[in-house]
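upload_15.csv (CSV, C-alpha atoms)
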chain,number,residue,atom,x,y,z
A,1,MET,CA,69.6,-39.0,34.0
A,2,ARG,CA,71.8,-36.6,35.9
A,3,GLY,CA,74.2,-37.7,38.6
A,4,THR,CA,73.9,-36.3,42.1
A,5,PRO,CA,74.9,-32.6,42.3
A,6,LYS,CA,76.1,-31.0,45.5
A,7,ARG,CA,73.6,-31.3,48.3
A,8,PHE,CA,71.1,-33.2,46.2
A,9,LEU,CA,70.2,-36.6,47.4
A,10,TRP,CA,68.7,-38.4,44.4
A,11,ASP,CA,69.0,-38.7,40.7
A,12,TRP,CA,66.5,-37.2,38.3
A,13,ILE,CA,65.5,-37.4,34.6
A,14,CYS,CA,65.4,-34.0,33.1
A,15,PRO,CA,61.8,-33.2,32.0
A,16,SER,CA,63.0,-31.3,29.0
A,17,ARG,CA,64.3,-34.4,27.3
A,18,THR,CA,62.0,-35.3,24.3
A,19,GLU,CA,62.5,-39.0,24.5
A,20,TYR,CA,61.5,-39.0,28.2
A,21,ARG,CA,58.5,-36.8,27.7
A,22,ASP,CA,57.3,-39.1,24.8
A,23,TYR,CA,57.8,-42.2,26.9
A,24,CYS,CA,55.7,-40.7,29.8
A,25,LEU,CA,53.0,-39.5,27.4
A,26,LYS,CA,52.7,-42.9,25.8
A,27,THR,CA,52.4,-44.6,29.2
A,28,ILE,CA,49.7,-42.1,30.3
A,29,GLN,CA,47.7,-42.6,27.0
A,30,ASP,CA,47.9,-46.4,27.3
A,31,VAL,CA,46.5,-46.3,30.8
A,32,ALA,CA,43.8,-43.7,30.0
A,33,ARG,CA,42.4,-45.9,27.2
A,34,HIS,CA,41.0,-48.4,29.8
A,35,ASN,CA,37.3,-47.9,30.4
A,36,ASP,CA,37.6,-48.5,34.1
A,37,VAL,CA,40.2,-45.8,34.7
A,38,ALA,CA,38.5,-42.8,36.4
A,39,GLY,CA,41.5,-40.5,35.8
A,40,ILE,CA,45.2,-39.9,35.7
A,41,ARG,CA,47.2,-38.1,38.4
A,42,LEU,CA,50.6,-36.6,37.5
A,43,ASP,CA,53.2,-36.9,40.2
A,44,SER,CA,56.8,-35.5,40.1
A,45,VAL,CA,56.1,-33.6,36.9
A,46,CYS,CA,58.6,-30.9,37.7
A,47,PHE,CA,62.3,-30.0,38.0
A,48,PRO,CA,63.7,-31.3,41.3
A,49,ARG,CA,64.9,-27.9,42.6
A,50,GLU,CA,66.4,-24.6,41.6
A,51,GLY,CA,69.6,-24.8,39.5
A,52,TYR,CA,68.5,-27.9,37.7
A,53,CYS,CA,69.2,-28.6,34.9
A,54,ASP,CA,72.4,-27.0,33.8
A,55,CYS,CA,73.3,-29.7,31.2
A,56,SER,CA,74.3,-28.6,27.7
A,57,ILE,CA,70.9,-29.5,26.2
A,58,CYS,CA,69.0,-27.4,28.7
A,59,ARG,CA,71.3,-24.4,28.4
A,60,GLU,CA,71.1,-24.6,24.6
A,61,LEU,CA,67.3,-24.9,24.5
A,62,SER,CA,66.7,-22.2,27.0
A,63,ALA,CA,69.0,-19.8,25.2
A,64,LYS,CA,67.2,-20.5,21.9
A,65,SER,CA,63.9,-19.8,23.4
A,66,GLY,CA,64.8,-16.3,24.4
A,67,MET,CA,63.1,-16.8,27.8
A,68,ASP,CA,64.4,-16.2,31.2
A,69,PHE,CA,65.7,-19.6,32.6
A,70,PHE,CA,62.9,-19.8,35.2
A,71,GLU,CA,60.3,-19.0,32.6
A,72,TRP,CA,61.7,-21.6,30.2
A,73,ARG,CA,61.6,-24.3,32.9
A,74,ALA,CA,57.9,-23.4,33.7
A,75,ASP,CA,57.1,-23.5,30.0
A,76,GLN,CA,58.6,-27.1,29.8
A,77,ILE,CA,56.3,-28.3,32.6
A,78,GLU,CA,53.2,-26.4,31.4
A,79,SER,CA,53.6,-27.7,27.9
A,80,PHE,CA,53.7,-31.3,29.1
A,81,VAL,CA,50.7,-30.9,31.3
A,82,ARG,CA,48.8,-29.3,28.4
A,83,THR,CA,49.8,-32.1,26.1
A,84,VAL,CA,48.5,-34.7,28.5
A,85,ARG,CA,45.2,-32.8,28.9
A,86,GLU,CA,44.7,-32.7,25.2
A,87,SER,CA,45.5,-36.3,24.6
A,88,ILE,CA,43.2,-38.0,27.2
A,89,THR,CA,39.4,-37.7,27.9
A,90,CYS,CA,39.4,-39.0,31.6
A,91,GLY,CA,39.9,-36.8,34.6
A,92,LEU,CA,43.4,-35.3,35.2
A,93,GLY,CA,45.0,-34.3,38.5
A,94,LEU,CA,48.4,-32.9,39.4
A,95,THR,CA,50.5,-33.3,42.5
A,96,LEU,CA,52.6,-30.3,43.4
A,97,GLU,CA,55.8,-30.3,45.5
A,98,PRO,CA,54.8,-29.1,49.0
A,99,ASP,CA,56.2,-25.5,48.6
A,100,PRO,CA,53.4,-23.0,48.4
A,101,CYS,CA,55.7,-20.0,48.0
A,102,TYR,CA,58.4,-20.8,45.4
A,103,GLY,CA,57.0,-23.5,43.2
A,104,LYS,CA,58.0,-21.8,40.0
A,105,GLU,CA,61.5,-20.8,41.0
A,106,ARG,CA,62.3,-24.2,42.6
A,107,PHE,CA,60.4,-26.7,40.6
A,108,GLY,CA,59.2,-25.0,37.4
A,109,LEU,CA,55.6,-25.3,38.6
A,110,ASP,CA,53.7,-22.1,37.8
A,111,LEU,CA,50.5,-22.8,39.7
A,112,GLU,CA,48.2,-20.4,37.8
A,113,ARG,CA,49.3,-21.8,34.4
A,114,VAL,CA,49.2,-25.5,35.1
A,115,ALA,CA,45.9,-25.3,37.1
A,116,GLU,CA,44.1,-24.4,33.8
A,117,TYR,CA,44.6,-28.0,32.5
A,118,VAL,CA,43.7,-30.1,35.5
A,119,ASP,CA,40.6,-31.1,37.5
A,120,PHE,CA,42.2,-31.2,40.9
A,121,ILE,CA,45.5,-30.4,42.6
A,122,SER,CA,47.1,-32.4,45.4
A,123,THR,CA,50.0,-31.9,47.8
A,124,PRO,CA,51.7,-34.5,49.9
A,125,LEU,CA,52.1,-33.0,53.3
A,126,TYR,CA,54.1,-35.8,54.9
A,127,MET,CA,55.5,-34.9,58.3
A,128,ASP,CA,55.6,-35.8,62.0
A,129,TYR,CA,52.0,-35.1,63.0
A,130,SER,CA,52.8,-34.9,66.7
A,131,ILE,CA,52.8,-31.1,66.0
A,132,VAL,CA,50.5,-30.0,63.3
A,133,TYR,CA,51.5,-26.3,63.3
A,134,TRP,CA,53.4,-26.6,60.0
A,135,LEU,CA,50.7,-28.7,58.5
A,136,ASP,CA,48.2,-25.9,59.2
A,137,ILE,CA,50.4,-23.2,57.8
A,138,ILE,CA,51.2,-25.0,54.5
A,139,ALA,CA,47.7,-26.2,53.9
A,140,ASN,CA,46.4,-22.7,54.5
A,141,CYS,CA,48.8,-21.2,52.0
A,142,PHE,CA,47.9,-23.7,49.3
A,143,ARG,CA,44.2,-23.3,49.9
A,144,ARG,CA,44.5,-19.5,49.3
A,145,LYS,CA,46.3,-20.1,46.0
A,146,ILE,CA,44.3,-23.0,44.6
A,147,SER,CA,40.9,-22.4,43.0
A,148,LYS,CA,40.5,-26.0,41.8
A,149,PRO,CA,39.5,-28.9,44.1
A,150,TYR,CA,42.3,-29.3,46.5
A,151,PHE,CA,43.5,-32.7,47.8
A,152,ILE,CA,45.8,-33.1,50.8
A,153,GLU,CA,47.8,-36.3,51.2
A,154,LEU,CA,48.6,-37.4,54.7
A,155,TYR,CA,51.1,-40.2,55.3
A,156,ALA,CA,49.6,-43.2,57.2
A,157,GLY,CA,51.9,-45.9,55.9
A,158,HIS,CA,54.7,-47.8,57.6
A,159,PRO,CA,55.9,-46.7,60.1
A,160,ARG,CA,52.5,-45.4,60.8
A,161,ALA,CA,52.1,-42.4,63.0
A,162,PRO,CA,50.2,-42.9,66.3
A,163,THR,CA,46.5,-42.7,65.7
A,164,LYS,CA,46.1,-39.7,68.0
A,165,HIS,CA,48.6,-37.8,65.9
A,166,LEU,CA,46.8,-38.8,62.7
A,167,MET,CA,43.5,-37.6,64.2
A,168,SER,CA,45.0,-34.1,64.8
A,169,ALA,CA,46.3,-34.1,61.2
A,170,LEU,CA,42.9,-35.1,59.9
A,171,ALA,CA,41.2,-32.4,61.9
A,172,VAL,CA,43.5,-29.7,60.5
A,173,ALA,CA,43.5,-31.0,56.9
A,174,SER,CA,39.7,-31.3,56.8
A,175,GLY,CA,39.4,-27.6,57.2
A,176,TYR,CA,41.3,-26.8,54.0
A,177,ALA,CA,40.9,-29.9,51.7
A,178,ASP,CA,38.1,-30.9,49.4
A,179,CYS,CA,39.5,-34.4,49.7
A,180,ILE,CA,42.0,-36.1,52.1
A,181,VAL,CA,44.1,-39.0,50.8
A,182,LEU,CA,45.6,-41.3,53.5
A,183,SER,CA,48.7,-42.8,51.8
A,184,THR,CA,49.2,-46.2,53.3
A,185,TYR,CA,50.6,-48.2,50.4
A,186,GLU,CA,49.2,-51.4,51.9
A,187,THR,CA,45.5,-52.4,52.2
A,188,LYS,CA,45.9,-54.0,55.6
A,189,ILE,CA,47.3,-50.8,57.0
A,190,ALA,CA,44.3,-48.8,55.6
A,191,ARG,CA,41.9,-51.4,56.9
A,192,SER,CA,43.4,-51.4,60.4
A,193,LEU,CA,43.3,-47.7,60.6
A,194,GLN,CA,39.7,-47.5,59.5
A,195,GLU,CA,38.7,-50.2,62.1
A,196,GLU,CA,40.6,-48.3,64.9
A,197,LEU,CA,39.0,-45.0,64.1
A,198,VAL,CA,35.4,-46.3,64.0
A,199,ARG,CA,35.9,-48.5,67.1
A,200,GLU,CA,37.1,-45.9,69.5
A,201,GLU,CA,34.4,-43.6,70.8
A,202,GLN,CA,36.9,-40.9,71.8
A,203,VAL,CA,37.7,-40.5,68.1
A,204,THR,CA,34.2,-39.3,67.2
A,205,ALA,CA,34.1,-37.2,70.4
A,206,PHE,CA,37.4,-35.6,69.3
A,207,PHE,CA,36.0,-34.6,65.9
A,208,LYS,CA,32.7,-33.4,67.3
A,209,GLU,CA,34.5,-31.2,69.8
A,210,ARG,CA,36.4,-29.5,66.9
A,211,GLU,CA,33.3,-29.4,64.7
A,212,CYS,CA,34.9,-31.5,62.0
A,213,THR,CA,31.6,-32.4,60.4
A,214,GLU,CA,33.2,-34.0,57.3
A,215,MET,CA,35.3,-36.4,59.4
A,216,ILE,CA,32.2,-37.4,61.4
A,217,GLU,CA,30.3,-38.1,58.2
A,218,LEU,CA,33.2,-40.2,57.0
A,219,LEU,CA,33.3,-42.3,60.1
A,220,HIS,CA,29.6,-43.0,59.7
A,221,ARG,CA,30.3,-44.3,56.1
A,222,TRP,CA,33.3,-46.4,57.3
A,223,ARG,CA,31.1,-48.1,59.9
A,224,LYS,CA,29.0,-49.6,57.1
A,225,ILE,CA,32.0,-51.2,55.4
A,226,VAL,CA,34.5,-52.3,58.1
Would you give me this structure, written as structure tokens?
Amino acid sequence: MRGTPKRFLWDWICPSRTEYRDYCLKTIQDVARHNDVAGIRLDSVCFPREGYCDCSICRELSAKSGMDFFEWRADQIESFVRTVRESITCGLGLTLEPDPCYGKERFGLDLERVAEYVDFISTPLYMDYSIVYWLDIIANCFRRKISKPYFIELYAGHPRAPTKHLMSALAVASGYADCIVLSTYETKIARSLQEELVREEQVTAFFKERECTEMIELLHRWRKIV
């Protein structure tokens, strides 16, 4: 595990380390063996940003490969995702860092290459939803680049954004996503949000006015379970 470089706020385990890759792969395989597991989603399978990692092992391995450093990093991530795909039979998804422009240069995530091995791709678009301008731009950029089913994760945990702000985020995301994941981390938060959305008549009116048919259908299903 590397220490904290300049302007970098957290530690990271280098994804090129064989012992770390083997540990992660074994964990994934152990989970995937259970019959009631619908699928595996890979999260944070990447380098943390550009310039990482410059340790002696990474410099040596990239030099031996004969590849450009960015290509070598992308090859490290692609090879791991491919190995996971070949070693499990259940569904496989991949969460990308929320940068639709420079994923390869910053994180070693070559979208076209890794998309070949997964069933869906998701991005966590966590932000202050009082203004959804940036949410719309980023979601639009990803939608143009992703041919596989695309999941958008919206943050609805603690502290939870005001419901009216989440409604705006849901309206925007539903225009681009094949699935929306509301990340709440606690069942009671998810339940209270569902109850509030189906209880308030203005919520349905809001989505109808914006022709968010998927959200209206979802509210109908939620009314049967809350």
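Atom to atom, atom CA of Glu105 of chain A and atom CA of Pro149 of chain A stand 23.6 Å apart.
Each of A:Tyr176, A:Phe8, A:Tyr52, A:Phe207 was compared to Ile152 of chain A using all atoms listed in the file, and A:Tyr176 turns out to be the nearest.
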Next on the checklist: Using Å and a single decimal, report how far atom CA of Tyr23 of chain A sits from atom CA of Phe47 of chain A.
Outcome noted: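 Rounded to one decimal, the two atoms are 17.1 Å apart.
For Pro124 of chain A, the non-local neighbours within 8 Å, defined as residues at least 3 positions apart in the same chain or in other chains and counting only C-alpha atoms, are Thr95, Leu96, Glu97, Pro98, Ile152, Glu153, Leu154 and Tyr155 of chain A.
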Centre, edges in Å (one decimal): axis-aligned box, segment 108-126 of chain A, 3 Å padding on all six sides, as JSON:
{"center_x": 49.9, "center_y": -28.1, "center_z": 43.7, "size_x": 24.6, "size_y": 21.4, "size_z": 28.4}
Quick one: which segment 41-123 of chain A residues come within 9 Å of segment 131-144 of chain A, and what is the nearest atom pair for each with the distance in Å to one decimal, counting only C-alpha atoms, rows ordered by chain and ascending number, as a tab-separated table?
residue	atom	partner	partner_atom	distance
A:Pro98	CA	A:Ile138	CA	7.7
A:Asp99	CA	A:Ile138	CA	7.7
A:Pro100	CA	A:Phe142	CA	5.6
A:Cys101	CA	A:Cys141	CA	8.1
A:Thr123	CA	A:Phe142	CA	8.6
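The two atoms in question, atom CA of Glu116 of chain A and atom CA of Ser79 of chain A, are spaced 11.7 Å apart.
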Checklist entry - Which of these residues is nearest to Cys58 of chain A, using only C-alpha atoms: A:Cys14, A:Ala161, A:Ala171, A:Val226? => result A:Cys14
Next on the checklist: Need to verify the contact set: segment 210-212 of chain A, 12 Å, all atoms listed in the file, exclusion of same-chain residues closer than 2 positions in sequence. Can you return it as number ranges by chain?
Outcome noted: A: 167-176, 203-208, 214-219
Next on the checklist: Considering only C-alpha atoms, can you say which of A:Glu60, A:Asp178, A:Glu71, A:Glu86 comes closest to Ile28 of chain A?
Outcome noted: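 Going through A:Glu60, A:Asp178, A:Glu71, A:Glu86 one by one, the smallest distance to Ile28 of chain A is for A:Glu86.
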Item to check | Selection near Ser16 of chain A, 10 Å with only C-alpha atoms, sequence-local residues under 6 positions removed, as a PyMOL selection string | outcome: chain A and resi 46-47+53+57-58+61+72-73+75-77+80
Item to check | 10 Å contact set for Ile146 of chain A, only C-alpha atoms, chain neighbours under 5 positions out, as a list in words | outcome: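 Neighbouring residues, sequence-local ones excluded: Pro100, Leu111, Glu112, Ala115, Phe120, Ile121, Ser122 and Cys141 of chain A.
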Next on the checklist: Just checking: using all atoms listed in the file, which residue out of A:Arg49, A:His165, A:Arg221, A:Arg199 ends up closest to Trp10 of chain A?
Outcome noted: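 Of A:Arg49, A:His165, A:Arg221, A:Arg199, the one nearest Trp10 of chain A, counting all atoms listed in the file, is A:Arg49.
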Next on the checklist: For a quick check of understanding, using all atoms listed in the file, which of A:Tyr126, A:Asp11, A:Val81, A:Ser65 has the smallest distance to Leu25 of chain A?
Outcome noted: A:Val81
